[in-house]
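Asker: Provided below: coords37.tsv, containing TSV, C-alpha atoms.
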```
chain	number	residue	atom	x	y	z
A	76	GLY	CA	-2.11	7.64	24.31
A	77	GLU	CA	-2.71	3.89	24.77
A	78	ALA	CA	-1.93	3.07	21.12
A	79	ARG	CA	1.35	4.97	21.17
A	80	ALA	CA	2.34	3.35	24.47
A	81	GLU	CA	1.71	-0.07	22.91
A	82	ILE	CA	3.80	0.91	19.88
A	83	GLY	CA	6.72	1.65	22.20
A	84	ARG	CA	6.23	-1.56	24.16
A	85	CYS	CA	6.20	-3.72	21.01
A	86	ARG	CA	9.29	-2.01	19.60
A	87	LYS	CA	11.16	-2.74	22.84
A	88	LYS	CA	9.95	-6.34	22.91
A	89	MET	CA	11.02	-6.93	19.29
A	90	THR	CA	14.43	-5.44	20.09
A	91	SER	CA	14.72	-7.68	23.13
A	92	THR	CA	13.59	-10.84	21.29
A	93	ALA	CA	15.99	-10.25	18.41
A	94	GLY	CA	18.85	-8.87	20.47
A	95	ALA	CA	19.16	-6.10	17.90
A	96	ASP	CA	17.79	-2.60	17.36
A	97	ALA	CA	14.24	-2.66	15.96
A	98	SER	CA	13.85	1.06	15.31
A	99	LEU	CA	12.11	1.86	12.03
A	100	TYR	CA	14.43	2.59	9.12
A	101	PRO	CA	15.17	6.31	8.75
A	102	ARG	CA	13.47	8.04	5.82
A	103	SER	CA	13.61	11.61	4.56
A	104	TRP	CA	11.44	13.88	2.45
A	105	GLU	CA	12.10	15.46	-0.89
A	106	ASN	CA	11.24	19.15	-0.41
A	107	GLY	CA	10.10	18.30	3.10
A	108	ALA	CA	9.81	21.94	4.23
A	109	SER	CA	7.31	22.87	1.50
A	110	PRO	CA	3.75	23.69	2.66
A	111	TYR	CA	1.04	21.24	1.65
A	112	ASP	CA	-2.71	20.66	1.97
A	113	LEU	CA	-3.01	16.88	1.72
A	114	SER	CA	-0.74	13.97	2.70
A	115	VAL	CA	-1.42	10.55	1.21
A	116	MET	CA	0.02	7.13	2.15
A	117	GLN	CA	-0.16	3.93	0.10
A	118	PHE	CA	0.83	0.78	2.03
A	119	ASN	CA	0.61	-2.96	1.39
A	120	ILE	CA	1.06	-4.20	4.95
A	121	LEU	CA	1.65	-7.96	4.29
A	122	ALA	CA	-1.23	-10.08	5.56
A	123	GLU	CA	-0.72	-12.29	8.60
A	124	GLY	CA	-1.79	-15.36	6.62
A	125	LEU	CA	0.86	-14.69	3.97
A	126	SER	CA	3.72	-14.36	6.46
A	127	SER	CA	2.83	-16.61	9.39
A	128	PRO	CA	5.16	-19.17	10.98
A	129	PRO	CA	4.68	-22.93	10.52
A	130	SER	CA	1.71	-24.44	12.35
A	131	HIS	CA	3.95	-26.20	14.89
A	132	VAL	CA	5.21	-22.74	15.96
A	133	LYS	CA	1.83	-21.00	15.91
A	134	THR	CA	-1.49	-22.74	15.40
A	135	PRO	CA	-3.65	-20.94	12.81
A	136	PRO	CA	-7.12	-19.84	13.99
A	137	PHE	CA	-8.86	-21.99	11.35
A	138	ALA	CA	-8.34	-25.29	9.57
A	139	PHE	CA	-5.67	-24.98	6.89
A	140	LYS	CA	-4.89	-26.68	3.57
A	141	LYS	CA	-1.27	-25.52	3.38
A	142	ASP	CA	1.27	-25.02	6.12
A	143	SER	CA	2.86	-21.58	6.15
A	144	THR	CA	6.62	-21.02	6.16
A	145	PHE	CA	7.02	-17.34	7.06
A	146	GLY	CA	5.63	-16.48	3.62
A	147	GLY	CA	8.64	-18.04	1.93
A	148	PHE	CA	10.85	-15.10	2.90
A	149	THR	CA	14.24	-16.72	3.26
A	150	ARG	CA	16.68	-13.92	4.08
A	151	VAL	CA	14.86	-12.18	6.90
A	152	PRO	CA	17.07	-11.99	10.01
A	153	HIS	CA	15.36	-12.83	13.31
A	154	PRO	CA	12.16	-14.26	11.73
A	155	GLU	CA	10.83	-15.25	15.16
A	156	ALA	CA	10.65	-11.54	16.01
A	157	VAL	CA	9.94	-9.98	12.60
A	158	PHE	CA	6.99	-12.30	11.84
A	159	ASP	CA	5.45	-12.27	15.32
A	160	TYR	CA	2.17	-10.69	14.23
A	161	GLU	CA	1.20	-9.52	17.70
A	162	LEU	CA	4.30	-7.32	17.47
A	163	ARG	CA	4.33	-6.69	13.72
A	164	MET	CA	0.82	-5.27	13.54
A	165	TRP	CA	1.84	-2.59	16.05
A	166	ARG	CA	4.96	-1.85	13.98
A	167	ILE	CA	2.61	-1.27	11.03
A	168	ILE	CA	0.67	1.21	13.14
A	169	GLU	CA	3.97	2.85	14.11
A	170	ALA	CA	4.98	3.25	10.45
A	171	ILE	CA	1.61	4.89	9.75
A	172	ASP	CA	1.60	7.10	12.84
A	173	ASP	CA	5.17	8.24	12.11
A	174	VAL	CA	3.81	10.02	9.02
A	175	SER	CA	0.23	10.57	10.20
A	176	PRO	CA	-1.22	10.98	6.69
A	177	CYS	CA	-4.55	12.68	6.06
A	178	LEU	CA	-5.49	9.84	3.72
A	179	LEU	CA	-4.33	6.22	3.94
A	180	ALA	CA	-4.83	3.22	1.67
A	181	LEU	CA	-4.01	-0.31	2.90
A	182	GLN	CA	-3.83	-3.60	1.02
A	183	GLU	CA	-3.39	-7.09	2.48
A	184	CYS	CA	-5.21	-5.70	5.49
A	185	ASP	CA	-6.58	-8.46	7.69
A	186	ARG	CA	-7.68	-8.21	11.31
A	187	PHE	CA	-9.61	-5.08	10.33
A	188	PRO	CA	-12.63	-5.53	12.66
A	189	ASP	CA	-10.63	-6.38	15.79
A	190	PHE	CA	-7.43	-4.41	15.26
A	191	PHE	CA	-6.74	-2.07	12.35
A	192	GLY	CA	-10.20	-0.48	12.32
A	193	PRO	CA	-10.42	0.31	16.06
A	194	THR	CA	-6.71	1.07	16.52
A	195	LEU	CA	-6.58	3.58	13.67
A	196	SER	CA	-9.90	4.99	14.90
A	197	SER	CA	-8.22	5.73	18.23
A	198	LEU	CA	-5.60	7.69	16.25
A	199	GLY	CA	-8.26	9.83	14.56
A	200	TYR	CA	-9.23	7.87	11.43
A	201	ASP	CA	-12.58	6.83	10.01
A	202	SER	CA	-12.54	4.10	7.40
A	203	HIS	CA	-14.17	1.69	4.97
A	204	PHE	CA	-12.87	-1.82	4.34
A	205	CYS	CA	-13.64	-4.55	1.81
A	206	PRO	CA	-12.26	-8.09	2.13
A	207	LYS	CA	-11.30	-10.16	-0.89
A	208	LYS	CA	-13.95	-12.65	-1.93
A	209	VAL	CA	-11.27	-15.30	-2.35
A	210	SER	CA	-8.24	-14.57	-0.17
A	211	PRO	CA	-5.05	-16.65	-0.38
A	212	SER	CA	-4.74	-16.27	3.40
A	213	LEU	CA	-7.60	-18.75	3.86
A	214	GLN	CA	-5.56	-21.72	2.63
A	215	PHE	CA	-3.13	-21.13	5.51
A	216	GLY	CA	-5.95	-20.98	8.07
A	217	TYR	CA	-6.01	-17.19	8.56
A	218	PHE	CA	-8.49	-14.36	8.04
A	219	SER	CA	-9.34	-12.93	4.63
A	220	ASP	CA	-7.28	-9.88	3.76
A	221	GLY	CA	-8.66	-6.94	1.84
A	222	VAL	CA	-8.33	-3.25	1.05
A	223	GLY	CA	-9.17	-0.27	3.21
A	224	LEU	CA	-9.34	3.51	3.00
A	225	PHE	CA	-8.76	5.60	6.14
A	226	TRP	CA	-9.05	9.38	6.53
A	227	LYS	CA	-8.58	11.87	9.35
A	228	ARG	CA	-12.03	12.58	10.70
A	229	GLU	CA	-11.00	16.05	11.88
A	230	LYS	CA	-10.20	16.98	8.26
A	231	PHE	CA	-12.82	15.16	6.16
A	232	ASP	CA	-16.48	14.25	6.08
A	233	CYS	CA	-17.35	11.10	4.18
A	234	LYS	CA	-20.26	11.95	1.87
A	235	TRP	CA	-20.72	8.46	0.41
A	236	PHE	CA	-18.79	5.34	-0.51
A	237	ARG	CA	-18.80	2.39	-2.88
A	238	LYS	CA	-17.04	-0.90	-2.22
A	239	GLY	CA	-17.19	-4.46	-3.46
A	240	GLN	CA	-15.67	-6.99	-5.84
A	241	LEU	CA	-14.56	-6.18	-9.36
A	242	ASP	CA	-16.03	-8.27	-12.16
A	243	ALA	CA	-12.44	-9.15	-13.10
A	244	GLY	CA	-11.69	-10.13	-9.49
A	245	GLY	CA	-10.33	-8.22	-6.52
A	246	ALA	CA	-11.73	-5.85	-3.92
A	247	TYR	CA	-12.00	-2.07	-4.23
A	248	VAL	CA	-13.12	0.89	-2.11
A	249	ILE	CA	-14.15	4.36	-3.39
A	250	VAL	CA	-14.89	7.12	-0.88
A	251	HIS	CA	-16.13	10.67	-1.55
A	252	LEU	CA	-14.46	12.97	0.99
A	253	GLN	CA	-15.20	16.64	1.61
A	254	GLU	CA	-12.94	18.95	3.60
A	255	LYS	CA	-14.68	20.26	6.71
A	256	ALA	CA	-12.87	23.61	6.72
A	257	LYS	CA	-13.24	24.20	2.94
A	258	PRO	CA	-16.28	22.28	1.64
A	259	GLU	CA	-15.53	23.30	-1.95
A	260	ARG	CA	-12.59	20.89	-1.74
A	261	ASP	CA	-13.65	17.31	-2.24
A	262	ILE	CA	-11.91	14.26	-3.61
A	263	LEU	CA	-12.69	10.74	-4.70
A	264	ALA	CA	-10.25	8.47	-2.89
A	265	VAL	CA	-9.83	5.05	-4.49
A	266	THR	CA	-7.89	1.93	-3.58
A	267	CYS	CA	-7.49	-1.52	-5.08
A	268	HIS	CA	-5.12	-4.49	-5.12
A	269	LEU	CA	-4.62	-5.92	-8.60
A	270	LYS	CA	-3.77	-9.48	-9.61
A	271	ALA	CA	-0.22	-10.61	-8.83
A	272	LYS	CA	2.48	-12.45	-10.81
A	273	GLU	CA	4.53	-11.66	-13.89
A	274	GLU	CA	2.62	-13.23	-16.73
A	275	SER	CA	1.31	-11.67	-19.90
A	276	ALA	CA	-2.22	-13.01	-19.38
A	277	LEU	CA	-2.25	-11.68	-15.83
A	278	GLU	CA	-1.01	-8.27	-17.00
A	279	ASP	CA	-3.97	-8.24	-19.39
A	280	ARG	CA	-6.20	-9.03	-16.42
A	281	ARG	CA	-4.70	-6.14	-14.47
A	282	VAL	CA	-5.43	-3.82	-17.38
A	283	THR	CA	-9.04	-5.08	-17.34
A	284	GLN	CA	-9.28	-4.60	-13.57
A	285	MET	CA	-7.97	-1.03	-13.84
A	286	ALA	CA	-10.34	-0.19	-16.70
A	287	GLU	CA	-13.23	-1.30	-14.48
A	288	ILE	CA	-11.94	0.80	-11.57
A	289	LEU	CA	-11.63	3.89	-13.78
A	290	SER	CA	-15.08	3.32	-15.27
A	291	ARG	CA	-16.54	3.26	-11.77
A	292	VAL	CA	-14.61	6.43	-10.92
A	293	GLN	CA	-16.02	8.17	-14.00
A	294	ARG	CA	-19.57	7.40	-12.87
A	295	CYS	CA	-18.85	8.55	-9.31
A	296	LEU	CA	-17.33	11.86	-10.48
A	297	THR	CA	-20.77	13.09	-11.50
A	298	LEU	CA	-21.37	13.62	-7.77
A	299	SER	CA	-18.12	15.51	-7.11
A	300	ARG	CA	-17.67	19.29	-7.07
A	301	SER	CA	-13.95	19.53	-7.65
A	302	GLN	CA	-13.52	16.51	-9.97
A	303	GLN	CA	-10.32	15.51	-8.16
A	304	VAL	CA	-9.26	11.88	-7.71
A	305	VAL	CA	-6.54	10.16	-5.70
A	306	LEU	CA	-5.94	6.55	-6.76
A	307	MET	CA	-3.72	4.37	-4.53
A	308	GLY	CA	-2.89	0.72	-4.67
A	309	ASP	CA	-0.64	-2.24	-5.15
A	310	PHE	CA	-1.01	-2.65	-8.92
A	311	ASN	CA	1.50	-5.54	-9.16
A	312	ALA	CA	2.86	-3.98	-12.36
A	313	VAL	CA	6.24	-2.39	-13.05
A	314	PRO	CA	6.54	0.97	-14.87
A	315	THR	CA	6.08	0.67	-18.61
A	316	ASP	CA	9.50	1.94	-19.60
A	317	VAL	CA	11.28	-0.84	-17.72
A	318	ASP	CA	12.93	-3.20	-20.19
A	319	ALA	CA	10.70	-6.19	-20.87
A	320	THR	CA	13.40	-8.68	-19.90
A	321	LYS	CA	14.92	-6.99	-16.86
A	322	ASP	CA	13.71	-5.00	-13.91
A	323	LYS	CA	15.32	-1.69	-12.99
A	324	ASP	CA	17.94	-3.38	-10.80
A	325	GLY	CA	18.95	-5.84	-13.49
A	326	SER	CA	17.17	-8.97	-12.27
A	327	VAL	CA	15.33	-10.85	-14.98
A	328	LEU	CA	11.59	-10.50	-15.39
A	329	LYS	CA	9.62	-13.57	-16.36
A	330	GLU	CA	10.03	-14.34	-20.04
A	331	GLY	CA	7.10	-13.12	-22.11
A	332	TYR	CA	5.96	-10.59	-19.50
A	333	HIS	CA	5.43	-7.20	-21.13
A	334	PRO	CA	4.32	-4.42	-18.76
A	335	LYS	CA	1.37	-2.39	-20.05
A	336	LEU	CA	-0.81	-1.53	-17.02
A	337	VAL	CA	0.94	1.79	-16.40
A	338	GLN	CA	0.70	2.67	-20.09
A	339	SER	CA	-3.06	2.11	-19.93
A	340	LEU	CA	-3.24	4.55	-17.00
A	341	LEU	CA	-1.23	7.16	-18.90
A	342	ALA	CA	-3.62	6.84	-21.82
A	343	TRP	CA	-6.68	7.48	-19.66
A	344	ARG	CA	-8.08	10.98	-20.15
A	345	GLU	CA	-11.33	11.22	-18.19
A	346	PRO	CA	-10.03	11.84	-15.62
A	347	GLN	CA	-6.37	12.28	-16.53
A	348	LEU	CA	-4.13	11.00	-13.75
A	349	HIS	CA	-0.50	11.70	-12.90
A	350	SER	CA	1.84	9.43	-10.96
A	351	ALA	CA	3.38	10.85	-7.79
A	352	PHE	CA	6.46	8.68	-8.36
A	353	PRO	CA	8.77	8.38	-11.38
A	354	ILE	CA	7.59	6.02	-14.12
A	355	THR	CA	9.97	7.14	-16.89
A	356	GLY	CA	13.63	8.04	-17.21
A	357	GLU	CA	16.62	7.37	-15.01
A	358	GLU	CA	14.87	8.55	-11.84
A	359	VAL	CA	12.84	5.32	-11.86
A	360	MET	CA	16.00	3.54	-10.75
A	361	GLU	CA	15.97	5.36	-7.40
A	362	TRP	CA	12.52	4.20	-6.32
A	363	PHE	CA	11.17	0.80	-5.31
A	364	SER	CA	8.16	-0.24	-3.28
A	365	THR	CA	8.98	-3.90	-2.64
A	366	TRP	CA	12.24	-5.74	-2.06
A	367	LYS	CA	12.25	-9.38	-1.04
A	368	TRP	CA	14.12	-12.65	-1.31
A	369	ARG	CA	12.39	-16.01	-1.74
A	370	GLY	CA	15.06	-18.64	-2.10
A	371	ASP	CA	17.59	-17.38	-4.63
A	372	LYS	CA	15.08	-15.05	-6.31
A	373	GLU	CA	15.41	-11.36	-5.52
A	374	THR	CA	12.53	-9.02	-6.36
A	375	LYS	CA	13.12	-5.28	-6.06
A	376	ARG	CA	10.64	-3.16	-8.00
A	377	MET	CA	8.07	-0.41	-8.00
A	378	ILE	CA	4.62	-1.99	-8.08
A	379	ASP	CA	2.78	0.35	-5.66
A	380	TYR	CA	1.47	3.72	-6.85
A	381	ILE	CA	-0.24	6.98	-6.00
A	382	TRP	CA	-1.92	8.77	-8.92
A	383	ALA	CA	-3.87	12.03	-8.73
A	384	THR	CA	-5.68	14.44	-11.01
A	385	GLY	CA	-4.25	17.81	-12.03
A	386	GLY	CA	-6.06	19.88	-9.44
A	387	LEU	CA	-3.71	18.44	-6.85
A	388	LYS	CA	-0.09	19.56	-7.25
A	389	LEU	CA	2.61	17.23	-6.03
A	390	VAL	CA	4.74	18.99	-3.38
A	391	SER	CA	6.98	16.31	-1.82
A	392	ARG	CA	7.57	12.57	-1.52
A	393	LEU	CA	8.96	10.33	1.20
A	394	LYS	CA	12.15	8.68	-0.03
A	395	PRO	CA	13.05	5.02	0.52
A	396	PRO	CA	15.38	4.25	3.42
A	397	PRO	CA	19.09	4.54	2.58
A	398	LYS	CA	20.80	1.36	1.39
A	399	SER	CA	23.19	1.60	4.35
A	400	ALA	CA	20.25	1.08	6.73
A	401	MET	CA	18.55	-1.74	4.80
A	402	LYS	CA	21.64	-3.93	4.23
A	403	ASP	CA	21.08	-6.57	1.53
A	404	HIS	CA	18.44	-8.87	2.96
A	405	GLY	CA	15.40	-6.95	1.74
A	406	LEU	CA	12.03	-6.77	3.47
A	407	PRO	CA	10.43	-7.29	5.89
A	408	ALA	CA	13.02	-6.65	8.59
A	409	LEU	CA	13.40	-5.48	12.17
A	410	GLY	CA	13.38	-1.95	10.75
A	411	TRP	CA	10.29	-2.34	8.56
A	412	PRO	CA	7.13	-4.44	9.16
A	413	SER	CA	6.15	-5.37	5.57
A	414	ASP	CA	7.67	-6.59	2.33
A	415	HIS	CA	6.42	-3.33	0.81
A	416	LEU	CA	7.53	0.16	1.73
A	417	SER	CA	4.86	2.77	2.26
A	418	PHE	CA	4.69	5.32	-0.54
A	419	VAL	CA	3.82	8.79	0.77
A	420	ALA	CA	3.12	11.98	-1.18
A	421	ARG	CA	2.09	15.51	-0.20
A	422	TYR	CA	-0.10	17.71	-2.38
A	423	SER	CA	-1.32	21.28	-2.51
A	424	TRP	CA	-4.60	22.36	-4.04
A	425	VAL	CA	-4.37	24.29	-7.30
A	426	HIS	CA	-8.00	23.87	-8.27
A	427	GLU	CA	-10.88	25.48	-6.41
A	428	ALA	CA	-14.46	24.81	-7.46
```
Take the structure in the file and give it back as structure tokens.
Answerer:
Amino acid sequence: GEARAEIGRCRKKMTSTAGADASLYPRSWENGASPYDLSVMQFNILAEGLSSPPSHVKTPPFAFKKDSTFGGFTRVPHPEAVFDYELRMWRIIEAIDDVSPCLLALQECDRFPDFFGPTLSSLGYDSHFCPKKVSPSLQFGYFSDGVGLFWKREKFDCKWFRKGQLDAGGAYVIVHLQEKAKPERDILAVTCHLKAKEESALEDRRVTQMAEILSRVQRCLTLSRSQQVVLMGDFNAVPTDVDATKDKDGSVLKEGYHPKLVQSLLAWREPQLHSAFPITGEEVMEWFSTWKWRGDKETKRMIDYIWATGGLKLVSRLKPPPKSAMKDHGLPALGWPSDHLSFVARYSWVHEA
């Protein structure tokens, strides 16, 4: 009750500060009426340290090496409202609670101990979190961000977990969850945040990071009954079939950048994983997980993913907001609290142990 009341208060305050409607963008489901067993949300929530105002507007909690400039986002209307983190973090909770997924993966999650952990706990979630060993937020004087997995405690028991730093860099969390009502149903839930930037060497590093993640998953599967996996994350890699010189909306990718992370996932067989969202064909054009402007550079691409094993059948997906609602200034915005959309998928079980 208290969390939802605070969500409403912060929405009203953001609307008042901006002098414009701050309701979340409308979104609709594909096959939304279909029955399902499991709902999954993937969400990079944009760390406070990577979106904070200049220090003369808000003093960072720690000493800083670089002064922040609203994360370099240059086309966001009403930045004084959109980037007010005391409001924005509640808008993040609102976007999650709107869907109320059974399973949630967050990246760029900071303020876990004092906010996201306890607030999502009050909404029925248990969780595990792992901060990055070296977070870019620190240079701006803010807390380390990291990755977290959250699950509805009324639905799942956590049997065990693994979390830490990859040898190739980056934090990960793996959790073994068992359904309380049907203990024969268990899944390995996995989240990670792979290295950013469009460079060939960094794409190779992402491939190495993913290979390490999947190797860890293979070892963990020896303890699972159903052998089912759900992998969620910001992989910072576009789908393989996107032209090597342009993204799916026509803007130029960095010269020499050749996407291959998704291809490496498709080639993996133990376990074999399937993307919940289009990675081939014309349908790719309809989906994006991030859309932002920094200066004159527009970035609008799919770099966030949900992958699952074959025992979980994809039932429906949450579509991006309509273009008419989002205008042309990208994200974040009054109607969405991050520079990434949440990706949400619903599954039914087709495999019983």
Asker: Expressed in Å to a single decimal, how great is the separation between CA of Asp379 (chain A) and CA of Ser350 (chain A)?
Answerer: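 Straight-line distance from CA of Asp379 (chain A) to CA of Ser350 (chain A) works out to 10.6 Å.
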Asker: In Å, rounded to a single decimal, give me how far CA of Gly244 (chain A) is from CA of Asp142 (chain A).
Answerer: 25.2 Å
Asker: How many Å separate CA of Ala276 (chain A) from CA of Pro334 (chain A)?
Answerer: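 We find that CA of Ala276 (chain A) and CA of Pro334 (chain A) lie 10.8 Å from each other.
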Asker: Under the rule that only C-alpha atoms are counted, which of A:Met116, A:Glu358, A:Ala312, A:Leu289 is the nearest residue to Ala342 (chain A)?
Answerer: A:Leu289
Asker: Taking 2 positions as the minimum chain separation for residues in the same chain, which residues sit within 12 Å of Phe191 (chain A) when counting all atoms listed in the file? Answer as a PyMOL selection string.
Answerer: chain A and resi 78+120+122+164-169+171+181-189+193-198+200-204+220-225
Asker: Just want the 9 Å neighbourhood of Asn106 (chain A), counted on all atoms listed in the file, with same-chain residues fewer than 2 positions away dropped. Output as a short mmCIF file (atom, residue, chain, number, x, y, z; two decimals) with C-alpha atoms, in the coordinates of the input.
Answerer:
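Result written to part-v3.cif:
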```
data_model
loop_
_atom_site.label_atom_id
_atom_site.label_comp_id
_atom_site.auth_asym_id
_atom_site.auth_seq_id
_atom_site.Cartn_x
_atom_site.Cartn_y
_atom_site.Cartn_z
CA TRP A 104 11.44 13.88 2.45
CA ALA A 108 9.81 21.94 4.23
CA SER A 109 7.31 22.87 1.50
CA VAL A 390 4.74 18.99 -3.38
CA SER A 391 6.98 16.31 -1.82
CA ARG A 392 7.57 12.57 -1.52
#
```
Asker: I need the residue nearest Thr90 (chain A) from this list: A:Asp403, A:Gly146, A:Leu162, A:Ser210. Use all atoms listed in the file for the distance.
Answerer: A:Leu162
Asker: Might you pull out every residue within 7 Å of His415 (chain A), with all atoms listed in the file counted and same-chain residues fewer than 3 positions away left off, and present them as a PyMOL selection string?
Answerer: chain A and resi 119-120+364-366
